[in-house]
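Asks: What follows is a single structure, and I will ask about it in a moment.
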Amino acid sequence: MTDPNKYYLFYDGDCGFCNHWVQWILENDKQERFLFAALQSDFGQRFLNERNLPTAELSTVYLWKPGGFYLTKSKAAFAIAGLLGGKFKLLSYLRFLPSFITDYFYSIVAKYRQELASQKCFLPSPEERKRFVDQ
């Protein structure tokens with residue numbers, strides 16, 4: 001069951017860099033607007049399958065608003081910044097740059113994401129755990 005009032009963030013659950021950013025979003029999402037799911041999870045794979053997206057490609061972040069839209073790569077990152085608001089909203093203004101430019105830089109970071117952060121495992125608190133979708 002999905003919540004149409006939340007934004008679902010799908011990410012590579014095996015990536016330390018990705019887990020770092022999930023933790024950062026959790027810490028800065030004061031309104032608790034985001035729910036999280038690894039792309040490798042049943043829920044993540046179902047999301048990809050239902051949209052005919054590649055299920056083995058894990059280097060893209062997806063932001064999904066049920067009943068509305070989903071965004072990928074830099075568009076998703078800029079939307080997340082805008083939704084977090086405050087000082088982070090300034091980053092959302094980069095969405096006006098052409099996607100082929102911003103996605104190019106996104107793809108470079110995604111290609112080397114495994115080397116950019118340690119592979120330490122993020123362990124959410126019990127309260128944070130409620131914001132992760134497993135199925």
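Each chain in the structure tokens gets a letter, A, B and so on, in the order shown; residues start at 1 in every chain, and ligands are counted from 1 in the order they appear.
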Write out as a CSV table (one decimal) with C-alpha atoms, in the first residue's frame each polymer residue whose atoms come within 8 Å of stretch 18-30 of chain A, counting only C-alpha atoms; drop sequence neighbours fewer than 3 positions from it.
Replies:
chain,number,residue,atom,x,y,z
A,11,TYR,CA,18.3,4.0,-4.5
A,12,ASP,CA,21.0,1.4,-4.7
A,13,GLY,CA,20.9,-0.3,-1.3
A,14,ASP,CA,24.3,-1.8,-1.7
A,15,CYS,CA,26.1,1.5,-2.3
A,33,ARG,CA,7.9,13.7,3.3
A,34,PHE,CA,10.2,10.9,2.0
A,36,PHE,CA,12.9,5.0,1.0
A,84,LEU,CA,13.7,19.7,1.6
A,113,ARG,CA,29.9,6.1,-6.6
A,117,ALA,CA,32.3,6.4,0.0
A,121,CYS,CA,26.4,-0.1,6.4
A,122,PHE,CA,23.9,2.5,7.5
A,124,PRO,CA,18.6,3.5,10.8
A,128,GLU,CA,13.9,6.1,10.9
Asks: When distances are computed from only C-alpha atoms, which of A:Gly16, A:Gly86, A:Gly68, A:Pro126 shows the smallest separation from A:Ala110?
Replies: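 For A:Ala110, the nearest of the candidates is A:Gly16.
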Asks: Can you work out which one of A:Pro66, A:Leu91, A:Lys75, A:Glu32 has the shortest atom-to-atom distance to A:Glu127, counting only C-alpha atoms?
Replies: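 Among the listed residues, A:Glu32 lies closest to A:Glu127.
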Asks: From a DSSP pass on the backbone, collect the residues of chain A flagged as helix (DSSP H, G or I) and hand them back as a PyMOL selection string.
Replies: chain A and resi 16-28+42-50+73-84+86-96+99-111+113-116+126-129
Asks: Enumerate the residues of stretch 2-124 of chain A with a DSSP assignment of strand (DSSP E or B), computed from the backbone, and present them as a list in words.
Replies: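 In stretch 2-124 of chain A, DSSP puts these residues in strand (DSSP E or B): Tyr7, Tyr8, Leu9, Phe10, Tyr11, Phe34, Leu35, Phe36, Ala37, Ala38, Tyr62, Leu63, Trp64, Lys65, Phe69, Tyr70, Leu71 and Thr72 of chain A.
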Asks: Kindly export the residues of the current selection with N, CA, C and O atoms, as a PDB file, in the first residue's frame.
Replies:
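The resulting result-v4.pdb:
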ATOM      1  N   TYR A   7       6.699  11.018  -0.902  1.00  0.00           N
ATOM      2  CA  TYR A   7       7.585  10.863  -2.043  1.00  0.00           C
ATOM      3  C   TYR A   7       8.455   9.651  -1.755  1.00  0.00           C
ATOM      4  O   TYR A   7       9.045   9.548  -0.681  1.00  0.00           O
ATOM      5  N   TYR A   8       8.541   8.751  -2.703  1.00  0.00           N
ATOM      6  CA  TYR A   8       9.322   7.529  -2.547  1.00  0.00           C
ATOM      7  C   TYR A   8      10.653   7.699  -3.255  1.00  0.00           C
ATOM      8  O   TYR A   8      10.692   8.034  -4.440  1.00  0.00           O
ATOM      9  N   LEU A   9      11.718   7.452  -2.528  1.00  0.00           N
ATOM     10  CA  LEU A   9      13.056   7.563  -3.076  1.00  0.00           C
ATOM     11  C   LEU A   9      13.636   6.160  -3.213  1.00  0.00           C
ATOM     12  O   LEU A   9      13.793   5.450  -2.222  1.00  0.00           O
ATOM     13  N   PHE A  10      13.911   5.760  -4.452  1.00  0.00           N
ATOM     14  CA  PHE A  10      14.510   4.460  -4.744  1.00  0.00           C
ATOM     15  C   PHE A  10      15.995   4.672  -5.015  1.00  0.00           C
ATOM     16  O   PHE A  10      16.365   5.549  -5.800  1.00  0.00           O
ATOM     17  N   TYR A  11      16.833   3.851  -4.390  1.00  0.00           N
ATOM     18  CA  TYR A  11      18.284   4.034  -4.456  1.00  0.00           C
ATOM     19  C   TYR A  11      18.969   2.667  -4.443  1.00  0.00           C
ATOM     20  O   TYR A  11      18.348   1.649  -4.118  1.00  0.00           O
ATOM     21  N   PHE A  34       9.590  11.996   2.790  1.00  0.00           N
ATOM     22  CA  PHE A  34      10.193  10.937   1.993  1.00  0.00           C
ATOM     23  C   PHE A  34      10.081   9.581   2.664  1.00  0.00           C
ATOM     24  O   PHE A  34      10.239   9.459   3.885  1.00  0.00           O
ATOM     25  N   LEU A  35       9.831   8.566   1.826  1.00  0.00           N
ATOM     26  CA  LEU A  35       9.959   7.167   2.217  1.00  0.00           C
ATOM     27  C   LEU A  35      11.024   6.578   1.302  1.00  0.00           C
ATOM     28  O   LEU A  35      11.239   7.073   0.192  1.00  0.00           O
ATOM     29  N   PHE A  36      11.692   5.530   1.747  1.00  0.00           N
ATOM     30  CA  PHE A  36      12.861   5.022   1.049  1.00  0.00           C
ATOM     31  C   PHE A  36      12.724   3.541   0.746  1.00  0.00           C
ATOM     32  O   PHE A  36      12.189   2.781   1.544  1.00  0.00           O
ATOM     33  N   ALA A  37      13.249   3.138  -0.409  1.00  0.00           N
ATOM     34  CA  ALA A  37      13.281   1.724  -0.780  1.00  0.00           C
ATOM     35  C   ALA A  37      14.503   1.478  -1.659  1.00  0.00           C
ATOM     36  O   ALA A  37      14.783   2.251  -2.579  1.00  0.00           O
ATOM     37  N   ALA A  38      15.209   0.412  -1.346  1.00  0.00           N
ATOM     38  CA  ALA A  38      16.326   0.007  -2.195  1.00  0.00           C
ATOM     39  C   ALA A  38      15.774  -0.498  -3.523  1.00  0.00           C
ATOM     40  O   ALA A  38      14.711  -1.139  -3.564  1.00  0.00           O
ATOM     41  N   TYR A  62      15.595   7.232  -8.255  1.00  0.00           N
ATOM     42  CA  TYR A  62      14.242   7.541  -8.737  1.00  0.00           C
ATOM     43  C   TYR A  62      13.469   8.205  -7.609  1.00  0.00           C
ATOM     44  O   TYR A  62      13.504   7.726  -6.471  1.00  0.00           O
ATOM     45  N   LEU A  63      12.780   9.268  -7.922  1.00  0.00           N
ATOM     46  CA  LEU A  63      11.876   9.927  -6.981  1.00  0.00           C
ATOM     47  C   LEU A  63      10.475   9.779  -7.550  1.00  0.00           C
ATOM     48  O   LEU A  63      10.201  10.224  -8.668  1.00  0.00           O
ATOM     49  N   TRP A  64       9.590   9.158  -6.765  1.00  0.00           N
ATOM     50  CA  TRP A  64       8.241   8.847  -7.241  1.00  0.00           C
ATOM     51  C   TRP A  64       7.194   9.442  -6.320  1.00  0.00           C
ATOM     52  O   TRP A  64       7.262   9.285  -5.095  1.00  0.00           O
ATOM     53  N   LYS A  65       6.239  10.109  -6.916  1.00  0.00           N
ATOM     54  CA  LYS A  65       5.050  10.605  -6.217  1.00  0.00           C
ATOM     55  C   LYS A  65       3.891   9.761  -6.736  1.00  0.00           C
ATOM     56  O   LYS A  65       3.492   9.904  -7.903  1.00  0.00           O
ATOM     57  N   PHE A  69       4.079  11.392 -10.655  1.00  0.00           N
ATOM     58  CA  PHE A  69       5.233  11.391 -11.541  1.00  0.00           C
ATOM     59  C   PHE A  69       6.349  10.555 -10.946  1.00  0.00           C
ATOM     60  O   PHE A  69       6.301  10.174  -9.779  1.00  0.00           O
ATOM     61  N   TYR A  70       7.353  10.309 -11.761  1.00  0.00           N
ATOM     62  CA  TYR A  70       8.639   9.871 -11.229  1.00  0.00           C
ATOM     63  C   TYR A  70       9.721  10.615 -11.990  1.00  0.00           C
ATOM     64  O   TYR A  70       9.567  10.955 -13.154  1.00  0.00           O
ATOM     65  N   LEU A  71      10.782  10.908 -11.282  1.00  0.00           N
ATOM     66  CA  LEU A  71      11.926  11.617 -11.845  1.00  0.00           C
ATOM     67  C   LEU A  71      13.170  10.768 -11.665  1.00  0.00           C
ATOM     68  O   LEU A  71      13.236   9.956 -10.735  1.00  0.00           O
ATOM     69  N   THR A  72      14.156  10.986 -12.528  1.00  0.00           N
ATOM     70  CA  THR A  72      15.406  10.239 -12.450  1.00  0.00           C
ATOM     71  C   THR A  72      16.591  11.188 -12.419  1.00  0.00           C
ATOM     72  O   THR A  72      16.471  12.367 -12.743  1.00  0.00           O
TER      73      THR A  72
END
Asks: Which residue gives the smallest distance to A:Ser41 among A:Leu53, A:Ile101, A:Ala76, A:Leu58, with only C-alpha atoms counted?
Replies: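 Using only C-alpha atoms, A:Ser41 sits closest to A:Leu58.
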Asks: Which value, in Å to one decimal, gives the distance between atom CA of A:Phe78 and atom CA of A:Arg95?
Replies: 5.9 Å
Asks: Please list as a PDB file with C-alpha atoms, in the first residue's frame every residue within 8 Å of A:Asp103, counting only C-alpha atoms and excluding residues in the same chain fewer than 3 positions away.
Replies:
ATOM      1  CA  LYS A  73      19.005  11.302 -12.087  1.00  0.00           C
ATOM      2  CA  SER A  74      19.631  15.046 -11.727  1.00  0.00           C
ATOM      3  CA  SER A  99      19.145  17.877 -18.531  1.00  0.00           C
ATOM      4  CA  PHE A 100      21.779  16.611 -20.926  1.00  0.00           C
ATOM      5  CA  TYR A 106      25.171  12.891 -12.476  1.00  0.00           C
ATOM      6  CA  SER A 107      26.300   9.912 -14.570  1.00  0.00           C
TER       7      SER A 107
END
